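The structure appears below as structure tokens.
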Amino acid sequence: MNTDNTPLGLKKSDMDNRFLVDRRTWLKGAGVSLALPFMDSLGWATGGKGTKPPVRLAFMYMPHGVIMDQFWPKSQEAFLNSPPPIIKSLQPVMDQCLMMKGISGVPITPFKGAPHALELSTWLTARLPDADTRSRINIAISADQIMANYVGAHTSLPSLELATMPQTWKENQEGLHEAYYSYCSYRSPTQPVPAEIDPRNVLNRLFGKRGKAGGATKTNPLDRQMLDRVLRGARDLRRTLAKTDQQKLDEYLDSVRAVERRIAAIESRQQEAALEKAGVRSSKRHATDSAPIEVKIPEGDKRSEYMQVMCDLTVLAFQTDTTRVSTYIGSRPNGASYPELGFPDSHHSQTHYGKDKEKIRKVAAINEFNVAQFAYMVKKMHDLKEGEGTLLDNCIMMWGSGLEDGNRHMRENLPFILAGKGGGALKSGRFLPNIKGNQGDLLTTLLSCVGVPLDRPIGIATKQINEIKA
């Protein structure tokens, strides 16, 4: 029983009147835990007054490269003020972004016939699979998992792996294991980390009923009565906060509710469509109404809706320090289609466009769509206050692809966009057109920027790319 009027999950500081939040102590009620965002009124139990927010790192992936002349800015001025179509959605936060041209991918000899098996699997490992054990997974630990090994003990989830699509593509280019098509995260050279595609399951990991051992239970994480109890309990905490932090807490709780409502709406549509498919007519429809579309993840008419929910979950995970490293596979090689854009063609089928202007238009639209989802997440993080700045200030968000150009499977100039300042480690608002380096160099540099010590470079890296640092 709480007898000293201290909000549940908090403890008083011996040094001042602030409350201290242990990184493993969340706002609790009725067996449910809700992680809290960083607030000035609350110190971290592991640090003193003025402790800086932690630095986070996220990776968001799109396969098959980009239409190069619609992706790369022509100059620094154009980067900020008149960006090309594919990246135009980032213009409101372009001063928070950094682009560098000249990052090469891993040379794929002796796997010349396996461009798609390697574009995702090498993206965060910067290393080829072992040629002598092609039929089983044997590559390298990925950059995100290197970071998770270093910072994961400080958070409830060492890392968060998300995807929009099931990871089920079946093909064995150059005799390589089919899993190379589906995974970007590797806990060890032989252990891929599966990604979660169900937003409800993700939310259950971030906010759910927790058992005695501290693990999330299978209980519905969005039981409204449980959620209401926790949110009512937040009122006690709110009274102890400064006015600015009261607003921050209100916005955070509103965002939890918003994600819950969006996931519930998606599930409601899925359930109704499934009933219609089984011949059970919804009581909400007239007999002459058309049956509702069957919304699936990821092939529904509103792919953006699912991607934005996953982006919101990433933001919540970072905002509450539930994890400090995340990966999001927006789509896997060879499988995705985008009916929301007005055409049914699969992404891969359009990438071998040659001089076909219509195929080029469709690939550019897919590129623009994927960058827009990244922009949605970056803008949201830029609007969230944290410490002396914003949540984005304390993150490095990387968007990119494992191919330069899907038409010719080129890897000499991979497309990357960075957003955020990494706690002051990166200097944003710049386009660097003449960088010389490879993706291993880039990954090694990013881990250095977030404070992860390395005993050796990542993959094929030979140096750090100091030009991107502040």
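FYI, nothing fancy with the structure tokens labels: chains A, B, ... in order, residues from 1 per chain, ligands from 1 as they appear.
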
Contact residues around range 107-113 of chain A with only C-alpha atoms at 7 Å, ignoring same-chain residues under 6 positions, as a list of chain:residue names: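 Skipping anything fewer than 6 positions along the chain leaves A:Leu128, A:Gln173, A:Glu174.
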
Output for the residues just chosen: N, CA and C atoms as an mmCIF file, in the first residue's frame:
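Writing the result to again-v3.cif gives the following:
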```
data_model
loop_
_atom_site.group_PDB
_atom_site.id
_atom_site.type_symbol
_atom_site.label_atom_id
_atom_site.label_comp_id
_atom_site.auth_asym_id
_atom_site.auth_seq_id
_atom_site.Cartn_x
_atom_site.Cartn_y
_atom_site.Cartn_z
ATOM 1 N N LEU A 128 29.438 -10.039 -46.338
ATOM 2 C CA LEU A 128 28.802 -11.099 -47.104
ATOM 3 C C LEU A 128 28.622 -12.355 -46.245
ATOM 4 N N GLN A 173 18.806 -17.715 -54.274
ATOM 5 C CA GLN A 173 19.775 -17.198 -55.226
ATOM 6 C C GLN A 173 21.187 -17.632 -54.825
ATOM 7 N N GLU A 174 21.948 -18.117 -55.799
ATOM 8 C CA GLU A 174 23.329 -18.561 -55.568
ATOM 9 C C GLU A 174 23.431 -19.596 -54.439
#
```

Excluding Pro92 in chain A and residues on its chain fewer than 6 positions from it, collect all residues at most 10 Å away from it, counting only C-alpha atoms, and give them as a PyMOL selection string. chain A and resi 80-81+375+379

What's around Ile435 in chain A at 7 Å? Count only C-alpha atoms, leave out sequence neighbours fewer than 4 positions away in its own chain, and write the answer as a PyMOL selection string. chain A and resi 100-103

So that I have them on file, write out the residues from the current selection with N, CA and C atoms, as an mmCIF file, in the first residue's frame.
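Generated output (part_3.cif):
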```cif
data_model
loop_
_atom_site.group_PDB
_atom_site.id
_atom_site.type_symbol
_atom_site.label_atom_id
_atom_site.label_comp_id
_atom_site.auth_asym_id
_atom_site.auth_seq_id
_atom_site.Cartn_x
_atom_site.Cartn_y
_atom_site.Cartn_z
ATOM 1 N N MET A 100 24.435 12.123 -47.489
ATOM 2 C CA MET A 100 25.801 12.014 -47.991
ATOM 3 C C MET A 100 25.818 11.101 -49.198
ATOM 4 N N LYS A 101 26.403 11.583 -50.276
ATOM 5 C CA LYS A 101 26.456 10.842 -51.530
ATOM 6 C C LYS A 101 27.853 10.262 -51.703
ATOM 7 N N GLY A 102 27.932 8.968 -51.974
ATOM 8 C CA GLY A 102 29.237 8.340 -52.173
ATOM 9 C C GLY A 102 29.506 7.164 -51.260
ATOM 10 N N ILE A 103 28.452 6.640 -50.594
ATOM 11 C CA ILE A 103 28.600 5.472 -49.710
ATOM 12 C C ILE A 103 28.352 4.203 -50.528
#
```

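Restricting the calculation to only C-alpha atoms, the smallest distance between Pro415 in chain A and any of A:Gln91, A:Gln70, A:Gln350, A:Asn138 is found for A:Gln70.
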
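Nearest to Ser89 in chain A of all the residues A:Ala179, A:Met310, A:Val371, A:Val363 is A:Val371, counting only C-alpha atoms.
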
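Neighbours of Tyr61 in chain A closer than or equal to 10 Å, with only C-alpha atoms counted and sequence neighbours fewer than 2 positions away skipped, come out as Phe59, Pro63, Leu120, Trp123, Ala163, Cys184, Thr327, Tyr328, Ile329, Gly330, Ser331, Arg332, Asn370, Val371, Phe374, Met398, Trp399, Gly400, Ser401, Gly402 and Phe416 of chain A.
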
Measuring atom to atom with only C-alpha atoms, identify which of A:Arg200, A:Arg134, A:His154, A:Arg127 is nearest to Asn438 in chain A.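 Using only C-alpha atoms, Asn438 in chain A sits closest to A:Arg127.
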
With distances taken over only C-alpha atoms, which residue among A:Gly342, A:Gly387, A:Gly65, A:Gly354 lies nearest Gln319 in chain A? A:Gly387

For a test of reading the model, state the distance in Å between CA of Asn466 in chain A and CA of Gln96 in chain A, rounded to one decimal. 18.0 Å

Skip Pro85 in chain A itself and residues of its chain fewer than 6 positions away, then list as a CSV table (one decimal) with C-alpha atoms, in the first residue's frame all residues within 10 Å of it, counting only C-alpha atoms.
```csv
chain,number,residue,atom,x,y,z
A,69,ASP,CA,17.8,11.7,-60.4
A,70,GLN,CA,14.7,12.2,-58.3
A,71,PHE,CA,16.4,11.4,-55.0
A,72,TRP,CA,19.7,13.3,-54.9
A,73,PRO,CA,19.7,17.1,-54.4
A,364,ALA,CA,9.6,7.0,-58.0
A,365,ALA,CA,6.1,7.0,-56.4
A,367,ASN,CA,10.2,5.7,-53.2
A,368,GLU,CA,8.4,8.9,-52.4
```

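Among the residues of range 63-127 of chain A, backbone DSSP assigns helix (DSSP H, G or I) to A:Met68, A:Asp69, A:Gln70, A:Gln76, A:Glu77, A:Ala78, A:Phe79, A:Leu80, A:Asn81, A:Pro85, A:Ile86, A:Ile87, A:Lys88, A:Ser89, A:Leu90, A:Gln91, A:Pro92, A:Val93, A:Met94, A:Asp95, A:Gln96, A:Pro115, A:His116, A:Ala117, A:Leu118, A:Glu119, A:Leu120, A:Ser121.
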
Just the selected residues (C-alpha atoms), exported as a PDB file, in the first residue's frame, please.
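Saved file out_28.pdb follows:
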```pdb
ATOM      1  CA  MET A  68      18.581   8.479 -58.575  1.00  0.00           C
ATOM      2  CA  ASP A  69      17.848  11.734 -60.416  1.00  0.00           C
ATOM      3  CA  GLN A  70      14.684  12.173 -58.331  1.00  0.00           C
ATOM      4  CA  GLN A  76      23.196  22.318 -50.677  1.00  0.00           C
ATOM      5  CA  GLU A  77      20.765  25.125 -51.448  1.00  0.00           C
ATOM      6  CA  ALA A  78      18.433  22.770 -53.292  1.00  0.00           C
ATOM      7  CA  PHE A  79      18.663  20.263 -50.422  1.00  0.00           C
ATOM      8  CA  LEU A  80      17.212  22.822 -48.004  1.00  0.00           C
ATOM      9  CA  ASN A  81      14.881  24.851 -50.213  1.00  0.00           C
ATOM     10  CA  PRO A  85      10.410  14.856 -55.417  1.00  0.00           C
ATOM     11  CA  ILE A  86      11.333  11.666 -53.563  1.00  0.00           C
ATOM     12  CA  ILE A  87      12.580  13.511 -50.445  1.00  0.00           C
ATOM     13  CA  LYS A  88      10.279  16.555 -50.610  1.00  0.00           C
ATOM     14  CA  SER A  89       8.183  15.309 -47.663  1.00  0.00           C
ATOM     15  CA  LEU A  90      11.217  15.980 -45.443  1.00  0.00           C
ATOM     16  CA  GLN A  91      11.432  19.663 -46.380  1.00  0.00           C
ATOM     17  CA  PRO A  92       9.808  20.964 -43.144  1.00  0.00           C
ATOM     18  CA  VAL A  93      12.546  19.199 -41.149  1.00  0.00           C
ATOM     19  CA  MET A  94      15.355  19.247 -43.699  1.00  0.00           C
ATOM     20  CA  ASP A  95      17.489  21.292 -41.299  1.00  0.00           C
ATOM     21  CA  GLN A  96      17.338  18.223 -39.043  1.00  0.00           C
ATOM     22  CA  PRO A 115      21.443  -9.179 -55.443  1.00  0.00           C
ATOM     23  CA  HIS A 116      18.151  -9.427 -53.549  1.00  0.00           C
ATOM     24  CA  ALA A 117      19.311 -12.034 -51.056  1.00  0.00           C
ATOM     25  CA  LEU A 118      22.144  -9.663 -50.135  1.00  0.00           C
ATOM     26  CA  GLU A 119      20.549  -6.202 -50.242  1.00  0.00           C
ATOM     27  CA  LEU A 120      18.808  -6.630 -46.862  1.00  0.00           C
ATOM     28  CA  SER A 121      21.126  -9.118 -45.145  1.00  0.00           C
TER      29      SER A 121
END
```

Straight-line distance linking CA of Thr314 in chain A with CA of Met381 in chain A, stated in Å to one decimal: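 Answer for the CA of Thr314 in chain A to CA of Met381 in chain A separation: 10.0 Å.
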